[in-house]
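A quick write-up on the structure given underneath.
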Amino acid sequence: MNNYPPRFASSRGGYYGEGAPTAGLDHQETYLKGLFGFLGVTDLRFIRAEGVALGEEARGKSLEAVQGEILKLAA
């Protein structure tokens with residue numbers, strides 16, 4: 001990938017990231033890691049908005065954090 005790690009943006013209604021009690025139910029990122037690993041690409045970057053279905057406050061916090069991550073990548 002020309003030394004530029006692939007980046008994936010996703011949203012989730014609940015919390016499935018590392019450290020969450022439901023992390024074992026994450027099939028999205030594990031699938032992508034397995035697929036790209038098979039192709040020899042192991043440095044993947046994920047930007048995720050989690051908890052967007054858990055109310056306005058949780059959605060707002062998550063989207064705000066994601067926007068900050070996107071701005072860092074764009075710099």
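Letters A, B, ... go to the chains of the structure tokens in the order shown; residues in each chain start at 1; ligands are counted from 1 in the same order.
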Inset, instruction - For range 19-30 of chain A, please output as a PyMOL selection string all residues within 12 Å (counting only C-alpha atoms; exclusion window: fewer than 3 positions along the same chain). - result: chain A and resi 7-16+33-37+42+44-48+50-51
Legend entry - Those in chain A with strand (DSSP E) from DSSP, as a list in words: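 Selecting the strand (DSSP E) positions of chain A gives Arg7, Phe8, Ala9, Ser10, Ser11, Arg45, Phe46, Ile47, Arg48 and Ala49 of chain A.
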I need the residues from that last selection saved to file as a tab-separated table (two decimals), in the first residue's frame (with N, CA and C atoms), if you can.
chain	number	residue	atom	x	y	z
A	7	ARG	N	-7.10	3.19	5.93
A	7	ARG	CA	-7.91	3.71	7.02
A	7	ARG	C	-9.36	3.39	6.76
A	8	PHE	N	-10.05	2.99	7.81
A	8	PHE	CA	-11.44	2.61	7.70
A	8	PHE	C	-12.25	3.45	8.69
A	9	ALA	N	-13.34	3.98	8.22
A	9	ALA	CA	-14.25	4.73	9.08
A	9	ALA	C	-15.54	3.93	9.22
A	10	SER	N	-16.00	3.78	10.45
A	10	SER	CA	-17.23	3.02	10.67
A	10	SER	C	-18.00	3.60	11.84
A	11	SER	N	-19.26	3.27	11.88
A	11	SER	CA	-20.09	3.66	13.03
A	11	SER	C	-20.78	2.42	13.57
A	45	ARG	N	-5.66	1.10	10.06
A	45	ARG	CA	-6.10	2.13	11.01
A	45	ARG	C	-7.63	2.23	10.97
A	46	PHE	N	-8.23	2.26	12.14
A	46	PHE	CA	-9.69	2.33	12.23
A	46	PHE	C	-10.11	3.60	12.96
A	47	ILE	N	-11.09	4.25	12.40
A	47	ILE	CA	-11.73	5.40	13.05
A	47	ILE	C	-13.17	4.98	13.26
A	48	ARG	N	-13.60	4.94	14.51
A	48	ARG	CA	-14.94	4.44	14.77
A	48	ARG	C	-15.75	5.38	15.64
A	49	ALA	N	-16.98	5.53	15.24
A	49	ALA	CA	-17.97	6.24	16.06
A	49	ALA	C	-18.81	5.18	16.73
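Going from CA of Leu32 in chain A over to CA of Val52 in chain A, you cover 21.4 Å.
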Inset, instruction - Pull the alpha helix (DSSP H) assignments for chain A out of DSSP run on the backbone, and list those residues as JSON, numbers by chain. - result: {"A": [28, 29, 30, 31, 32, 33, 34, 35, 36, 37, 38, 56, 57, 58, 59, 60, 61, 62, 63, 64, 65, 66, 67, 68, 69, 70, 71, 72, 73, 74]}
Serialized selection, N, CA, C and O atoms, as a tab-separated table (two decimals), in the first residue's frame:
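Here's the written file out18.tsv:
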chain	number	residue	atom	x	y	z
A	28	GLN	N	-16.57	-6.86	12.53
A	28	GLN	CA	-16.24	-5.91	11.48
A	28	GLN	C	-14.72	-5.77	11.34
A	28	GLN	O	-14.16	-6.01	10.28
A	29	GLU	N	-14.07	-5.37	12.39
A	29	GLU	CA	-12.63	-5.13	12.33
A	29	GLU	C	-11.84	-6.42	12.24
A	29	GLU	O	-10.83	-6.48	11.54
A	30	THR	N	-12.28	-7.47	12.94
A	30	THR	CA	-11.54	-8.73	12.87
A	30	THR	C	-11.59	-9.30	11.45
A	30	THR	O	-10.61	-9.86	10.98
A	31	TYR	N	-12.72	-9.14	10.77
A	31	TYR	CA	-12.83	-9.60	9.38
A	31	TYR	C	-11.85	-8.83	8.49
A	31	TYR	O	-11.12	-9.41	7.70
A	32	LEU	N	-11.85	-7.50	8.61
A	32	LEU	CA	-10.97	-6.68	7.78
A	32	LEU	C	-9.50	-6.97	8.07
A	32	LEU	O	-8.67	-7.04	7.15
A	33	LYS	N	-9.15	-7.16	9.34
A	33	LYS	CA	-7.77	-7.49	9.69
A	33	LYS	C	-7.36	-8.83	9.09
A	33	LYS	O	-6.25	-8.98	8.58
A	34	GLY	N	-8.26	-9.80	9.15
A	34	GLY	CA	-7.97	-11.12	8.57
A	34	GLY	C	-7.82	-11.06	7.06
A	34	GLY	O	-6.89	-11.63	6.49
A	35	LEU	N	-8.72	-10.35	6.40
A	35	LEU	CA	-8.67	-10.23	4.94
A	35	LEU	C	-7.41	-9.53	4.48
A	35	LEU	O	-6.67	-10.03	3.62
A	36	PHE	N	-7.13	-8.37	5.05
A	36	PHE	CA	-5.95	-7.62	4.63
A	36	PHE	C	-4.66	-8.31	5.07
A	36	PHE	O	-3.64	-8.22	4.40
A	37	GLY	N	-4.69	-8.99	6.21
A	37	GLY	CA	-3.53	-9.76	6.63
A	37	GLY	C	-3.20	-10.85	5.64
A	37	GLY	O	-2.03	-11.12	5.34
A	38	PHE	N	-4.23	-11.49	5.10
A	38	PHE	CA	-4.03	-12.52	4.07
A	38	PHE	C	-3.35	-11.92	2.84
A	38	PHE	O	-2.56	-12.58	2.17
A	56	GLU	N	-28.75	10.88	22.26
A	56	GLU	CA	-28.14	12.08	21.68
A	56	GLU	C	-26.79	12.42	22.31
A	56	GLU	O	-25.86	12.81	21.63
A	57	GLU	N	-26.70	12.30	23.63
A	57	GLU	CA	-25.45	12.66	24.31
A	57	GLU	C	-24.30	11.74	23.89
A	57	GLU	O	-23.21	12.20	23.56
A	58	ALA	N	-24.56	10.43	23.89
A	58	ALA	CA	-23.53	9.48	23.49
A	58	ALA	C	-23.14	9.69	22.04
A	58	ALA	O	-21.95	9.65	21.68
A	59	ARG	N	-24.13	9.92	21.18
A	59	ARG	CA	-23.86	10.15	19.76
A	59	ARG	C	-23.00	11.40	19.58
A	59	ARG	O	-22.03	11.40	18.84
A	60	GLY	N	-23.38	12.48	20.27
A	60	GLY	CA	-22.63	13.73	20.15
A	60	GLY	C	-21.18	13.59	20.59
A	60	GLY	O	-20.27	14.07	19.91
A	61	LYS	N	-20.96	12.92	21.72
A	61	LYS	CA	-19.59	12.72	22.21
A	61	LYS	C	-18.77	11.88	21.23
A	61	LYS	O	-17.61	12.18	20.96
A	62	SER	N	-19.39	10.85	20.70
A	62	SER	CA	-18.69	9.97	19.79
A	62	SER	C	-18.33	10.69	18.49
A	62	SER	O	-17.20	10.60	18.01
A	63	LEU	N	-19.26	11.42	17.93
A	63	LEU	CA	-19.00	12.14	16.69
A	63	LEU	C	-17.97	13.24	16.88
A	63	LEU	O	-17.14	13.50	16.00
A	64	GLU	N	-17.99	13.88	18.03
A	64	GLU	CA	-16.99	14.91	18.33
A	64	GLU	C	-15.59	14.30	18.38
A	64	GLU	O	-14.63	14.85	17.84
A	65	ALA	N	-15.48	13.15	19.03
A	65	ALA	CA	-14.18	12.48	19.12
A	65	ALA	C	-13.69	12.04	17.75
A	65	ALA	O	-12.50	12.18	17.42
A	66	VAL	N	-14.59	11.53	16.93
A	66	VAL	CA	-14.23	11.08	15.59
A	66	VAL	C	-13.77	12.26	14.73
A	66	VAL	O	-12.80	12.14	13.98
A	67	GLN	N	-14.43	13.36	14.84
A	67	GLN	CA	-14.03	14.54	14.07
A	67	GLN	C	-12.62	14.97	14.44
A	67	GLN	O	-11.83	15.36	13.58
A	68	GLY	N	-12.28	14.87	15.72
A	68	GLY	CA	-10.92	15.19	16.16
A	68	GLY	C	-9.90	14.23	15.55
A	68	GLY	O	-8.82	14.65	15.13
A	69	GLU	N	-10.24	12.95	15.49
A	69	GLU	CA	-9.34	11.97	14.89
A	69	GLU	C	-9.13	12.24	13.40
A	69	GLU	O	-8.04	12.13	12.88
A	70	ILE	N	-10.21	12.60	12.71
A	70	ILE	CA	-10.13	12.89	11.29
A	70	ILE	C	-9.25	14.12	11.04
A	70	ILE	O	-8.43	14.13	10.12
A	71	LEU	N	-9.39	15.13	11.87
A	71	LEU	CA	-8.57	16.32	11.72
A	71	LEU	C	-7.09	16.01	11.92
A	71	LEU	O	-6.23	16.57	11.22
A	72	LYS	N	-6.77	15.13	12.85
A	72	LYS	CA	-5.38	14.73	13.07
A	72	LYS	C	-4.83	14.02	11.84
A	72	LYS	O	-3.68	14.24	11.46
A	73	LEU	N	-5.64	13.19	11.22
A	73	LEU	CA	-5.18	12.47	10.03
A	73	LEU	C	-4.98	13.42	8.86
A	73	LEU	O	-4.09	13.21	8.03
A	74	ALA	N	-5.79	14.44	8.77
A	74	ALA	CA	-5.72	15.37	7.65
A	74	ALA	C	-4.53	16.31	7.76
A	74	ALA	O	-4.10	16.89	6.77
